[in-house]
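So this block is coords-v4.txt, compact mmCIF, C-alpha atoms and all ligand atoms:
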# COMPACT_ATOMS: atom_id res chain seq x y z
CA MET A 972 56.20 53.32 -39.41
CA ASN A 973 54.37 51.59 -42.22
CA VAL A 974 57.14 49.03 -42.52
CA ARG A 975 56.78 48.24 -38.82
CA ASP A 976 52.96 48.13 -39.09
CA SER A 977 53.36 45.61 -41.92
CA GLU A 978 55.65 43.51 -39.73
CA HIS A 979 53.02 43.56 -36.96
CA ILE A 980 50.33 42.47 -39.42
CA ILE A 981 52.48 39.63 -40.76
CA ALA A 982 53.28 38.49 -37.20
CA GLU A 983 49.61 38.38 -36.22
CA LEU A 984 48.63 36.45 -39.35
CA GLU A 985 51.49 33.95 -39.06
CA ASN A 986 51.11 33.32 -35.35
CA LYS A 987 47.38 33.55 -34.75
CA GLU A 988 46.02 32.54 -38.16
CA ASP A 989 47.17 30.05 -40.74
CA TYR A 990 48.97 32.38 -43.15
CA ALA A 991 52.51 32.38 -44.53
CA LEU A 992 54.22 34.95 -46.75
CA THR A 993 54.47 34.53 -50.50
CA ASP A 994 55.95 36.87 -53.09
CA LYS A 995 53.70 35.45 -55.84
CA ALA A 996 50.52 37.54 -55.94
CA ASP A 997 48.70 34.99 -58.13
CA GLU A 998 49.18 32.28 -55.45
CA ALA A 999 48.13 34.41 -52.48
CA ASP A 1000 44.92 33.76 -50.51
CA LEU A 1001 45.15 37.24 -49.09
CA ILE A 1002 46.57 40.43 -50.60
CA LEU A 1003 47.22 43.33 -48.25
CA ILE A 1004 48.01 46.83 -49.41
CA ASN A 1005 49.47 48.97 -46.62
CA THR A 1006 49.00 52.57 -47.63
CA CYS A 1007 50.34 56.05 -47.05
CA SER A 1008 48.25 59.20 -47.45
CA VAL A 1009 50.71 61.96 -46.71
CA ARG A 1010 50.65 63.13 -50.34
CA GLU A 1011 48.02 62.65 -53.01
CA LYS A 1012 50.04 60.43 -55.36
CA PRO A 1013 50.09 57.26 -53.22
CA VAL A 1014 46.32 57.51 -52.80
CA SER A 1015 45.64 57.48 -56.53
CA LYS A 1016 48.18 54.65 -56.90
CA LEU A 1017 46.15 52.61 -54.41
CA PHE A 1018 43.15 52.27 -56.70
CA SER A 1019 45.22 51.32 -59.73
CA GLU A 1020 47.04 48.69 -57.59
CA ILE A 1021 43.73 47.24 -56.39
CA GLY A 1022 42.70 46.89 -60.05
CA VAL A 1023 45.93 45.10 -60.97
CA PHE A 1024 45.75 42.70 -58.02
CA ASN A 1025 42.08 42.00 -58.68
CA LYS A 1026 42.90 41.01 -62.25
CA HIS A 1027 45.73 38.63 -61.33
CA LYS A 1028 44.60 37.18 -58.01
CA LYS A 1029 43.42 33.59 -57.74
CA ASP A 1030 39.69 32.88 -57.33
CA GLY A 1031 38.42 33.59 -53.84
CA ALA A 1032 41.54 35.47 -52.72
CA LYS A 1033 40.78 38.41 -50.44
CA ILE A 1034 42.08 41.96 -50.80
CA GLY A 1035 42.53 44.14 -47.70
CA VAL A 1036 43.46 47.83 -47.59
CA CYS A 1037 45.38 48.90 -44.49
CA GLY A 1038 47.14 52.05 -43.26
CA CYS A 1039 46.57 55.78 -43.49
CA SER A 1040 44.53 55.84 -46.72
CA ALA A 1041 42.26 53.21 -45.18
CA SER A 1042 41.86 55.53 -42.18
CA HIS A 1043 40.86 58.60 -44.12
CA LEU A 1044 38.91 57.06 -47.01
CA GLY A 1045 37.09 54.44 -44.90
CA GLU A 1046 33.81 53.18 -46.46
CA ASP A 1047 34.59 55.07 -49.69
CA ILE A 1048 37.11 52.37 -50.53
CA PHE A 1049 34.31 49.77 -50.76
CA LYS A 1050 32.33 52.15 -52.98
CA ARG A 1051 35.21 52.90 -55.34
CA ALA A 1052 36.57 49.32 -55.31
CA PRO A 1053 33.86 46.76 -54.44
CA GLU A 1054 36.43 43.95 -54.83
CA VAL A 1055 38.06 45.03 -51.54
CA ASN A 1056 37.12 42.70 -48.64
CA PHE A 1057 38.21 44.77 -45.65
CA VAL A 1058 39.52 48.16 -44.63
CA LEU A 1059 41.83 48.50 -41.62
CA GLY A 1060 43.09 51.89 -40.41
CA ALA A 1061 46.63 52.73 -39.31
CA ARG A 1062 45.66 52.62 -35.65
CA ASN A 1063 43.75 49.33 -35.90
CA VAL A 1064 46.51 46.93 -36.85
CA SER A 1065 45.76 44.55 -33.97
CA LYS A 1066 42.32 43.87 -35.44
CA ILE A 1067 43.79 42.16 -38.51
CA THR A 1068 42.77 38.71 -37.21
CA GLN A 1069 39.13 39.85 -37.06
CA ALA A 1070 39.37 41.57 -40.43
CA VAL A 1071 40.43 38.42 -42.31
CA ASN A 1072 37.58 36.39 -40.80
CA GLU A 1073 34.64 38.71 -41.39
CA ASP A 1074 33.09 39.92 -44.59
CA ARG A 1075 33.37 43.66 -45.39
CA TYR A 1076 35.08 44.32 -42.08
CA ILE A 1077 35.99 47.95 -41.45
CA SER A 1078 37.84 49.48 -38.52
CA VAL A 1079 39.24 52.99 -38.84
CA ASP A 1080 38.69 54.22 -35.30
CA ILE A 1081 41.45 56.62 -34.16
CA ASP A 1082 40.36 56.66 -30.51
CA TYR A 1083 41.26 53.02 -30.21
CA ASP A 1084 44.20 52.65 -27.84
CA GLU A 1085 46.88 50.27 -29.02
CA SER A 1086 49.61 51.78 -26.88
CA SER A 1087 50.12 48.77 -24.65
CA TYR A 1088 49.17 46.10 -27.13
CA ALA A 1089 51.89 43.45 -27.42
CA PHE A 1090 52.08 42.12 -30.95
CA SER A 1091 53.58 38.82 -31.96
CA GLU A 1092 57.12 38.94 -33.29
CA PHE A 1093 58.16 39.21 -36.96
CA ARG A 1094 61.03 41.20 -38.46
CA ASN A 1095 62.11 41.66 -42.07
CA ASN A 1096 65.72 42.05 -41.07
CA THR A 1097 67.27 40.17 -38.14
CA TYR A 1098 70.15 42.61 -37.80
CA LYS A 1099 68.15 45.73 -37.05
CA ALA A 1100 64.87 46.06 -35.22
CA PHE A 1101 62.25 48.77 -35.54
CA VAL A 1102 60.54 49.42 -32.21
CA ASN A 1103 57.56 51.77 -31.90
CA ILE A 1104 57.77 54.15 -28.95
CA SER A 1105 54.59 56.11 -29.57
CA ILE A 1106 51.58 56.13 -31.82
CA GLY A 1107 49.73 59.10 -33.30
CA CYS A 1108 50.74 62.76 -33.31
CA ASP A 1109 49.60 65.72 -31.20
CA LYS A 1110 50.99 68.38 -33.52
CA LYS A 1111 48.63 69.96 -35.95
CA CYS A 1112 50.97 71.02 -38.75
CA THR A 1113 48.55 72.66 -41.15
CA TYR A 1114 49.60 70.64 -44.21
CA CYS A 1115 49.62 67.23 -42.55
CA ILE A 1116 46.96 64.53 -42.61
CA VAL A 1117 48.72 62.20 -40.15
CA PRO A 1118 46.98 63.39 -36.92
CA HIS A 1119 43.69 62.60 -38.69
CA THR A 1120 44.76 59.10 -39.71
CA ARG A 1121 46.83 58.02 -36.71
CA GLY A 1122 45.03 59.97 -33.99
CA ASP A 1123 46.32 61.55 -30.77
CA GLU A 1124 49.80 60.84 -29.54
CA ILE A 1125 50.22 58.18 -26.88
CA SER A 1126 53.58 57.00 -25.61
CA ILE A 1127 54.13 53.29 -25.23
CA PRO A 1128 55.26 52.39 -21.68
CA ALA A 1129 59.06 52.26 -21.39
CA GLU A 1130 59.04 48.73 -19.88
CA LEU A 1131 57.37 47.38 -23.04
CA ILE A 1132 59.84 49.20 -25.29
CA VAL A 1133 62.86 47.96 -23.35
CA ASP A 1134 61.49 44.39 -23.29
CA GLU A 1135 60.92 44.41 -27.04
CA ALA A 1136 64.38 45.88 -27.71
CA ARG A 1137 65.98 43.29 -25.42
CA ARG A 1138 64.22 40.39 -27.16
CA ALA A 1139 65.21 41.66 -30.62
CA ALA A 1140 68.81 42.24 -29.53
CA LYS A 1141 69.07 38.71 -28.11
CA ARG A 1142 67.99 37.41 -31.53
CA GLY A 1143 70.80 39.29 -33.25
CA ALA A 1144 69.60 42.85 -33.77
CA LYS A 1145 72.57 44.90 -32.62
CA GLU A 1146 70.77 47.99 -33.90
CA ILE A 1147 67.51 49.25 -32.43
CA PHE A 1148 65.56 51.83 -34.45
CA LEU A 1149 63.07 53.73 -32.25
CA LEU A 1150 60.01 54.96 -34.17
CA GLY A 1151 57.38 57.63 -33.61
CA GLN A 1152 55.89 60.63 -35.40
CA ASN A 1153 57.52 62.90 -32.89
CA VAL A 1154 59.97 60.85 -30.83
CA ASN A 1155 61.49 63.59 -28.70
CA ASN A 1156 58.06 64.44 -27.35
CA TYR A 1157 58.09 60.96 -25.76
CA GLY A 1158 56.51 60.69 -22.33
CA ARG A 1159 54.03 63.54 -22.61
CA ARG A 1160 51.01 61.25 -22.39
CA PHE A 1161 50.65 57.56 -21.54
CA SER A 1162 47.37 55.68 -21.83
CA ASP A 1163 47.44 55.23 -18.06
CA ALA A 1164 48.69 57.99 -15.73
CA SER A 1165 50.41 55.45 -13.43
CA HIS A 1166 53.32 55.00 -15.87
CA GLN A 1167 56.68 56.28 -14.76
CA LYS A 1168 57.29 59.90 -15.83
CA MET A 1169 60.17 60.12 -18.26
CA ASP A 1170 61.26 61.85 -21.44
CA PHE A 1171 62.96 60.75 -24.64
CA SER A 1172 66.47 61.39 -23.30
CA ASP A 1173 65.70 59.07 -20.35
CA LEU A 1174 64.37 56.44 -22.76
CA LEU A 1175 67.55 56.60 -24.86
CA GLU A 1176 69.61 56.02 -21.71
CA MET A 1177 67.41 53.06 -20.71
CA VAL A 1178 67.64 51.34 -24.10
CA SER A 1179 71.40 51.89 -24.16
CA GLN A 1180 71.72 49.89 -20.91
CA ILE A 1181 70.84 46.68 -22.79
CA ASP A 1182 74.20 44.94 -23.23
CA GLU A 1183 73.44 43.33 -26.60
CA VAL A 1184 72.36 46.65 -28.15
CA GLU A 1185 75.30 48.33 -29.85
CA ARG A 1186 73.57 51.01 -31.89
CA ILE A 1187 70.44 53.10 -31.38
CA ARG A 1188 68.78 55.16 -34.08
CA PHE A 1189 65.48 57.01 -33.99
CA THR A 1190 63.09 58.91 -36.24
CA SER A 1191 61.58 61.47 -36.36
CA PRO A 1192 62.52 64.05 -33.78
CA HIS A 1193 60.85 67.49 -33.96
CA PRO A 1194 63.18 70.51 -34.12
CA LEU A 1195 61.00 72.33 -31.57
CA HIS A 1196 61.77 69.75 -28.87
CA MET A 1197 65.54 69.66 -29.44
CA ASP A 1198 66.45 71.03 -26.03
CA ASP A 1199 69.98 71.04 -24.62
CA LYS A 1200 69.38 67.88 -22.55
CA PHE A 1201 68.39 65.97 -25.69
CA LEU A 1202 71.39 67.24 -27.69
CA GLU A 1203 73.72 66.31 -24.82
CA VAL A 1204 72.45 62.72 -24.55
CA PHE A 1205 72.70 62.47 -28.34
CA ALA A 1206 76.28 63.74 -28.25
CA LYS A 1207 77.53 61.79 -25.25
CA ASN A 1208 75.86 58.39 -25.33
CA PRO A 1209 78.23 56.22 -27.40
CA LYS A 1210 75.46 53.82 -28.46
CA VAL A 1211 73.34 56.60 -29.99
CA CYS A 1212 74.26 56.80 -33.67
CA LYS A 1213 75.48 60.18 -34.76
CA SER A 1214 72.87 60.90 -37.37
CA MET A 1215 69.96 63.22 -36.77
CA HIS A 1216 66.85 63.76 -38.85
CA MET A 1217 65.75 67.40 -38.44
CA PRO A 1218 62.62 68.02 -40.54
CA LEU A 1219 62.95 71.68 -41.56
CA GLN A 1220 59.87 71.84 -43.87
CA SER A 1221 60.61 75.50 -44.72
CA GLY A 1222 63.42 77.96 -44.00
CA SER A 1223 61.06 80.94 -43.84
CA THR A 1224 59.83 81.95 -40.39
CA HIS A 1225 56.65 83.32 -41.96
CA ILE A 1226 55.87 80.01 -43.71
CA LEU A 1227 56.81 78.04 -40.58
CA GLU A 1228 54.19 80.09 -38.73
CA GLN A 1229 51.62 79.31 -41.41
CA MET A 1230 52.57 75.64 -41.12
CA LYS A 1231 52.24 75.85 -37.30
CA ARG A 1232 55.64 74.24 -36.81
CA GLY A 1233 56.30 76.16 -33.58
CA TYR A 1234 59.88 77.27 -34.40
CA SER A 1235 61.57 79.99 -36.43
CA LYS A 1236 64.37 79.92 -39.01
CA GLU A 1237 66.71 81.19 -36.28
CA TRP A 1238 65.75 78.47 -33.79
CA PHE A 1239 66.30 75.78 -36.40
CA LEU A 1240 69.71 77.19 -37.37
CA ASN A 1241 70.67 77.57 -33.72
CA ARG A 1242 69.89 73.89 -33.00
CA ALA A 1243 71.47 72.52 -36.18
CA LEU A 1244 74.65 74.53 -35.82
CA LYS A 1245 74.90 73.70 -32.11
CA LEU A 1246 74.64 70.04 -33.08
CA ARG A 1247 77.39 70.47 -35.69
CA GLU A 1248 79.58 72.10 -33.02
CA MET A 1249 78.87 69.43 -30.36
CA VAL A 1250 79.28 66.46 -32.72
CA PRO A 1251 81.30 67.45 -35.80
CA SER A 1252 81.06 63.91 -37.20
CA ALA A 1253 77.23 63.87 -37.08
CA SER A 1254 75.19 63.82 -40.25
CA ILE A 1255 71.94 65.76 -40.47
CA SER A 1256 69.07 64.87 -42.78
CA THR A 1257 65.87 66.77 -43.35
CA ASP A 1258 62.45 66.98 -45.01
CA ILE A 1259 61.52 70.07 -47.04
CA ILE A 1260 58.21 71.04 -48.62
CA VAL A 1261 58.26 73.57 -51.47
CA GLY A 1262 55.25 75.53 -52.71
CA PHE A 1263 53.32 75.68 -49.45
CA PRO A 1264 50.40 78.16 -49.91
CA GLY A 1265 51.66 81.74 -49.84
CA GLU A 1266 55.35 80.79 -50.28
CA SER A 1267 57.00 83.77 -52.01
CA ASP A 1268 60.34 83.84 -53.82
CA ASP A 1269 61.87 85.39 -50.70
CA ASP A 1270 60.44 82.63 -48.49
CA PHE A 1271 61.96 80.05 -50.80
CA GLU A 1272 65.32 81.86 -50.73
CA ASP A 1273 65.22 81.45 -46.93
CA THR A 1274 64.94 77.68 -47.41
CA LEU A 1275 67.97 77.68 -49.73
CA ASP A 1276 69.81 79.84 -47.20
CA VAL A 1277 69.26 77.26 -44.42
CA MET A 1278 70.44 74.52 -46.79
CA LYS A 1279 73.66 76.44 -47.49
CA LYS A 1280 74.28 77.07 -43.79
CA VAL A 1281 73.51 73.57 -42.48
CA ARG A 1282 74.73 71.56 -45.51
CA PHE A 1283 72.42 68.59 -44.91
CA GLU A 1284 73.84 65.16 -45.75
CA GLN A 1285 70.42 64.05 -47.02
CA ILE A 1286 67.23 65.85 -48.03
CA PHE A 1287 63.78 64.39 -48.70
CA SER A 1288 62.10 67.13 -50.72
CA PHE A 1289 58.46 67.31 -51.76
CA LYS A 1290 56.09 69.56 -53.64
CA TYR A 1291 53.29 70.64 -51.33
CA SER A 1292 50.27 68.40 -51.84
CA SER A 1293 46.90 69.65 -50.64
CA ARG A 1294 45.34 67.05 -48.31
CA PRO A 1295 41.75 66.65 -47.19
CA LEU A 1296 40.96 67.43 -43.53
CA THR A 1297 43.97 69.76 -43.21
CA LYS A 1298 43.84 73.50 -42.49
CA ALA A 1299 46.17 74.44 -45.35
CA ALA A 1300 43.81 72.91 -47.91
CA SER A 1301 41.58 75.98 -47.53
CA PHE A 1302 44.40 78.55 -47.53
CA LYS A 1303 44.31 81.20 -50.22
CA ASN A 1304 47.39 81.82 -52.39
CA GLN A 1305 47.99 78.22 -53.48
CA VAL A 1306 51.28 78.25 -55.41
CA PRO A 1307 50.95 77.36 -59.14
CA PRO A 1308 52.33 73.85 -59.84
CA GLU A 1309 54.89 75.12 -62.37
CA VAL A 1310 56.33 77.49 -59.73
CA SER A 1311 56.59 74.62 -57.20
CA SER A 1312 58.23 72.40 -59.82
CA ALA A 1313 60.80 75.06 -60.69
CA ARG A 1314 61.57 75.58 -56.99
CA LEU A 1315 61.91 71.86 -56.35
CA GLN A 1316 64.35 71.61 -59.23
CA ARG A 1317 66.46 74.52 -57.94
CA LEU A 1318 66.48 73.00 -54.47
CA GLN A 1319 67.58 69.62 -55.76
CA GLU A 1320 70.32 71.14 -57.93
CA LEU A 1321 71.71 73.02 -54.95
CA GLN A 1322 71.59 69.85 -52.86
CA GLU A 1323 73.41 67.83 -55.54
CA LYS A 1324 76.19 70.42 -55.55
CA ILE A 1325 76.47 70.29 -51.76
CA LEU A 1326 76.41 66.47 -51.79
CA ASP A 1327 79.16 66.29 -54.42
CA GLU A 1328 81.36 68.38 -52.14
CA ILE A 1329 80.46 66.34 -49.05
CA SER A 1330 81.04 62.99 -50.76
CA LYS A 1331 84.44 64.03 -52.18
CA GLU A 1332 85.60 64.74 -48.63
CA LYS A 1333 84.83 61.12 -47.74
CA LEU A 1334 87.53 59.60 -49.98
CA ASP A 1335 90.01 57.60 -47.83
CA LYS A 1336 87.98 58.26 -44.66
CA GLU A 1337 87.42 55.27 -42.37
CA TYR A 1338 84.08 54.27 -40.86
CA GLU A 1339 82.75 51.58 -38.53
CA VAL A 1340 80.12 49.89 -40.72
CA TYR A 1341 77.37 47.58 -39.47
CA PHE A 1342 76.59 45.18 -42.33
CA GLU A 1343 72.89 44.48 -42.57
CA GLU A 1344 72.11 43.17 -46.07
CA LYS A 1345 73.47 41.60 -49.23
CA ARG A 1346 72.48 43.61 -52.29
CA GLY A 1347 71.39 42.35 -55.71
CA ASN A 1348 74.82 43.47 -57.01
CA GLY A 1349 76.46 40.89 -54.70
CA LEU A 1350 77.95 43.55 -52.41
CA LEU A 1351 77.44 43.71 -48.67
CA ALA A 1352 75.75 46.92 -47.59
CA GLY A 1353 75.70 48.62 -44.24
CA LYS A 1354 75.62 51.96 -42.51
CA SER A 1355 78.28 53.90 -40.71
CA ASP A 1356 77.47 55.32 -37.33
CA ASN A 1357 76.60 58.63 -39.05
CA ASN A 1358 74.33 56.94 -41.56
CA THR A 1359 76.60 56.82 -44.61
CA LEU A 1360 75.55 53.93 -46.82
CA VAL A 1361 78.64 51.83 -47.56
CA GLN A 1362 79.00 48.84 -49.90
CA VAL A 1363 81.93 46.42 -50.00
CA GLU A 1364 82.91 43.07 -51.42
CA GLY A 1365 82.83 40.59 -48.56
CA PHE A 1366 81.62 37.37 -46.99
CA ASP A 1367 78.09 36.53 -45.81
CA GLU A 1368 79.51 35.86 -42.31
CA TRP A 1369 80.12 39.60 -42.05
CA LEU A 1370 76.37 40.28 -41.98
CA GLY A 1371 75.39 41.36 -38.49
CA THR A 1372 78.93 42.45 -37.63
CA ILE A 1373 80.63 45.84 -37.44
CA LYS A 1374 83.83 46.28 -39.44
CA ARG A 1375 86.19 49.14 -40.20
CA VAL A 1376 85.97 50.26 -43.83
CA ARG A 1377 88.10 52.64 -45.90
CA ILE A 1378 86.19 54.55 -48.60
CA THR A 1379 87.74 54.03 -52.03
CA ASN A 1380 84.98 55.35 -54.29
CA PRO A 1381 82.64 57.98 -52.84
CA LYS A 1382 79.38 58.56 -54.73
CA ARG A 1383 76.52 60.88 -53.91
CA LEU A 1384 74.14 58.26 -52.49
CA SER A 1385 76.41 55.37 -51.59
CA MET A 1386 80.08 54.99 -50.76
CA TYR A 1387 82.11 52.03 -52.00
CA GLY A 1388 85.01 50.83 -49.90
CA GLU A 1389 87.11 48.00 -48.57
CA VAL A 1390 87.19 46.36 -45.18
CA ILE A 1391 90.41 46.93 -43.27
CA LEU A 1392 91.29 43.52 -41.88
N1 LIG A 1401 52.56 67.82 -48.92
C1 LIG A 1401 53.85 67.54 -49.15
N2 LIG A 1401 54.65 66.95 -48.27
C2 LIG A 1401 54.12 66.60 -47.07
N3 LIG A 1401 54.66 66.01 -45.98
C3 LIG A 1401 53.70 65.87 -45.05
N4 LIG A 1401 52.52 66.37 -45.51
C4 LIG A 1401 52.76 66.84 -46.75
C5 LIG A 1401 51.98 67.48 -47.74
N5 LIG A 1401 50.68 67.76 -47.52
C6 LIG A 1401 56.08 65.67 -45.89
C7 LIG A 1401 56.74 66.39 -44.72
C8 LIG A 1401 56.97 65.28 -43.73
C9 LIG A 1401 57.17 64.09 -44.64
C10 LIG A 1401 56.99 62.76 -44.00
O1 LIG A 1401 56.21 64.27 -45.66
O2 LIG A 1401 57.97 66.91 -45.17
O3 LIG A 1401 58.06 65.52 -42.87
FE1 LIG A 1402 52.51 65.59 -39.41
FE2 LIG A 1402 53.57 67.65 -38.04
FE3 LIG A 1402 52.83 65.38 -36.75
FE4 LIG A 1402 54.98 65.31 -38.35
S1 LIG A 1402 54.78 66.58 -36.46
S2 LIG A 1402 53.30 63.81 -38.29
S3 LIG A 1402 54.40 66.76 -39.99
S4 LIG A 1402 51.46 66.84 -37.82
Now that the file is in, can you turn its structure into structure tokens?
Ligand code: 5AD
Ligand code: SF4
Amino acid sequence: MNVRDSEHIIAELENKEDYALTDKADEADLILINTCSVREKPVSKLFSEIGVFNKHKKDGAKIGVCGCSASHLGEDIFKRAPEVNFVLGARNVSKITQAVNEDRYISVDIDYDESSYAFSEFRNNTYKAFVNISIGCDKKCTYCIVPHTRGDEISIPAELIVDEARRAAKRGAKEIFLLGQNVNNYGRRFSDASHQKMDFSDLLEMVSQIDEVERIRFTSPHPLHMDDKFLEVFAKNPKVCKSMHMPLQSGSTHILEQMKRGYSKEWFLNRALKLREMVPSASISTDIIVGFPGESDDDFEDTLDVMKKVRFEQIFSFKYSSRPLTKAASFKNQVPPEVSSARLQRLQELQEKILDEISKEKLDKEYEVYFEEKRGNGLLAGKSDNNTLVQVEGFDEWLGTIKRVRITNPKRLSMYGEVIL
């Protein structure tokens, strides 16, 4: 979502103001830092980055802090770093043109409704297009700061989403990547009650009607809202890529309750295994937090148990990080950092073992790969329908096309192969 917010900011500055991108910080008239605040580390990094930019920037260049850390730190940023010229929250992206023209501008309002705001167009990659379908999040997971930085969830009207997807596809983006904090809750609330009632499954069907769109991906769905209708559309619609992100967070029903995730270990396993049965070729990725307050050894074993049963193709794993404004920050029984570190290590070792087995099975398998970038190593890189990263030797003309590839060298994080001509 931050990548897309950055694209929106760039578009506004290029089209409505007189800015152009540069990758040389010492030549820039404006330096923007788009921030995350989901864990503590990126927040501390922010202030060291401001210091570095301030030292190297040219005279008179402005520094702006955008995104979730801007939302939750607000005025404090000016106090801790007086060299910052403006602060723009994650839900206030459209005000960037004001921010660059006023001194000490600050906008971190989360009531502000940007749900029907049409931004100018800019995309980092012409072959795939991120499209926001909702902003904010209505869940109140007890560890998570996002509802405080991005505000309540509002769905963007389907006509706007389809229009944006159509425009991007006409310019060469065969792949549309739908974005939201909780995509399969789409349609629960629009800014204006007159919008057509529909859910995420309906939206997937609508986007798939666009002729030029060949692939649709989305992130993140919530396991709680993975009803049968959703799984069926996922399984049957040929344009919907067969890779699902299912953020588990914890395998222990007790911890899931403490996290207020709204599902149990059994529900998660039921949905994941049903998905495996309906679409055997699908890959499943997940997010896991270890060391949530009160997590016992047994709770952690439950997480490992789910990993063994589902055999995720990809895991993003994190040590719990206590965040301001969240309920869990005041929970008793915080887990000692050395216990969390040991658990994270065990989790990652198990996952490496599973991944080694999964990747070995991919030798000689064939995939339809959509080539989307040329890497620094000179190879063309793309994704299979089920999200396997594949690299091959090839020609630049292959970018933006789908080709059949045989895997010749499967590695844990990327497969190497050759195009079958
Ligand atoms: N500590 C650690 N990880 C967190 N996440 C969200 N909040 C926290 C936190 N306080 C993780 C979740 C989420 C991902 C984007 O970041 O796993 O799915
Ligand atoms: Fe945070 Fe939970 Fe919303 Fe995801 S669903 S953004 S973890 S509150």
Contact residues around stretch 1021-1029 of chain A with all atoms listed in the file at 7 Å, ignoring same-chain residues under 2 positions, as a PyMOL selection string: chain A and resi 996-998+1017-1019+1031-1032
Write the selection just made, keeping C-alpha atoms, as a PDB file, keeping the file's coordinate frame?
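Result file is selection16.pdb:
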ATOM      1  CA  ALA A 996      50.520  37.540 -55.940  1.00  0.00           C
ATOM      2  CA  ASP A 997      48.700  34.990 -58.130  1.00  0.00           C
ATOM      3  CA  GLU A 998      49.180  32.280 -55.450  1.00  0.00           C
ATOM      4  CA  LEU A1017      46.150  52.610 -54.410  1.00  0.00           C
ATOM      5  CA  PHE A1018      43.150  52.270 -56.700  1.00  0.00           C
ATOM      6  CA  SER A1019      45.220  51.320 -59.730  1.00  0.00           C
ATOM      7  CA  GLY A1031      38.420  33.590 -53.840  1.00  0.00           C
ATOM      8  CA  ALA A1032      41.540  35.470 -52.720  1.00  0.00           C
TER       9      ALA A1032
END
Using only C-alpha atoms and all ligand atoms, which protein or nucleic acid residues are at most 6 Å from ligand LIG 1402 (chain A), as a short mmCIF file (atom, residue, chain, number, x, y, z; two decimals) with C-alpha atoms, in the frame of the given file?
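Printed below is result_25.cif as written:
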data_model
loop_
_atom_site.label_atom_id
_atom_site.label_comp_id
_atom_site.auth_asym_id
_atom_site.auth_seq_id
_atom_site.Cartn_x
_atom_site.Cartn_y
_atom_site.Cartn_z
CA CYS A 1108 50.74 62.76 -33.31
CA LYS A 1110 50.99 68.38 -33.52
CA LYS A 1111 48.63 69.96 -35.95
CA CYS A 1112 50.97 71.02 -38.75
CA CYS A 1115 49.62 67.23 -42.55
CA VAL A 1117 48.72 62.20 -40.15
CA PRO A 1118 46.98 63.39 -36.92
CA GLN A 1152 55.89 60.63 -35.40
CA ASN A 1153 57.52 62.90 -32.89
#
Let me have all residues with an atom within 12 Å of ligand LIG 1401 (chain A), counting only C-alpha atoms and all ligand atoms, laid out as an MDAnalysis selection string. chainID A and resid 972:973 1007:1013 1111:1119 1151:1153 1190:1194 1216:1221 1230 1232 1256:1264 1286:1300 1311 1315
Got time to write the residues from that selection, C-alpha atoms, as a CSV table (one decimal), in the coordinates of the input?
chain,number,residue,atom,x,y,z
A,972,MET,CA,56.2,53.3,-39.4
A,973,ASN,CA,54.4,51.6,-42.2
A,1007,CYS,CA,50.3,56.0,-47.0
A,1008,SER,CA,48.2,59.2,-47.4
A,1009,VAL,CA,50.7,62.0,-46.7
A,1010,ARG,CA,50.6,63.1,-50.3
A,1011,GLU,CA,48.0,62.6,-53.0
A,1012,LYS,CA,50.0,60.4,-55.4
A,1013,PRO,CA,50.1,57.3,-53.2
A,1111,LYS,CA,48.6,70.0,-36.0
A,1112,CYS,CA,51.0,71.0,-38.8
A,1113,THR,CA,48.6,72.7,-41.2
A,1114,TYR,CA,49.6,70.6,-44.2
A,1115,CYS,CA,49.6,67.2,-42.6
A,1116,ILE,CA,47.0,64.5,-42.6
A,1117,VAL,CA,48.7,62.2,-40.2
A,1118,PRO,CA,47.0,63.4,-36.9
A,1119,HIS,CA,43.7,62.6,-38.7
A,1151,GLY,CA,57.4,57.6,-33.6
A,1152,GLN,CA,55.9,60.6,-35.4
A,1153,ASN,CA,57.5,62.9,-32.9
A,1190,THR,CA,63.1,58.9,-36.2
A,1191,SER,CA,61.6,61.5,-36.4
A,1192,PRO,CA,62.5,64.0,-33.8
A,1193,HIS,CA,60.8,67.5,-34.0
A,1194,PRO,CA,63.2,70.5,-34.1
A,1216,HIS,CA,66.8,63.8,-38.8
A,1217,MET,CA,65.8,67.4,-38.4
A,1218,PRO,CA,62.6,68.0,-40.5
A,1219,LEU,CA,63.0,71.7,-41.6
A,1220,GLN,CA,59.9,71.8,-43.9
A,1221,SER,CA,60.6,75.5,-44.7
A,1230,MET,CA,52.6,75.6,-41.1
A,1232,ARG,CA,55.6,74.2,-36.8
A,1256,SER,CA,69.1,64.9,-42.8
A,1257,THR,CA,65.9,66.8,-43.4
A,1258,ASP,CA,62.4,67.0,-45.0
A,1259,ILE,CA,61.5,70.1,-47.0
A,1260,ILE,CA,58.2,71.0,-48.6
A,1261,VAL,CA,58.3,73.6,-51.5
A,1262,GLY,CA,55.2,75.5,-52.7
A,1263,PHE,CA,53.3,75.7,-49.4
A,1264,PRO,CA,50.4,78.2,-49.9
A,1286,ILE,CA,67.2,65.8,-48.0
A,1287,PHE,CA,63.8,64.4,-48.7
A,1288,SER,CA,62.1,67.1,-50.7
A,1289,PHE,CA,58.5,67.3,-51.8
A,1290,LYS,CA,56.1,69.6,-53.6
A,1291,TYR,CA,53.3,70.6,-51.3
A,1292,SER,CA,50.3,68.4,-51.8
A,1293,SER,CA,46.9,69.6,-50.6
A,1294,ARG,CA,45.3,67.0,-48.3
A,1295,PRO,CA,41.8,66.6,-47.2
A,1296,LEU,CA,41.0,67.4,-43.5
A,1297,THR,CA,44.0,69.8,-43.2
A,1298,LYS,CA,43.8,73.5,-42.5
A,1299,ALA,CA,46.2,74.4,-45.4
A,1300,ALA,CA,43.8,72.9,-47.9
A,1311,SER,CA,56.6,74.6,-57.2
A,1315,LEU,CA,61.9,71.9,-56.4
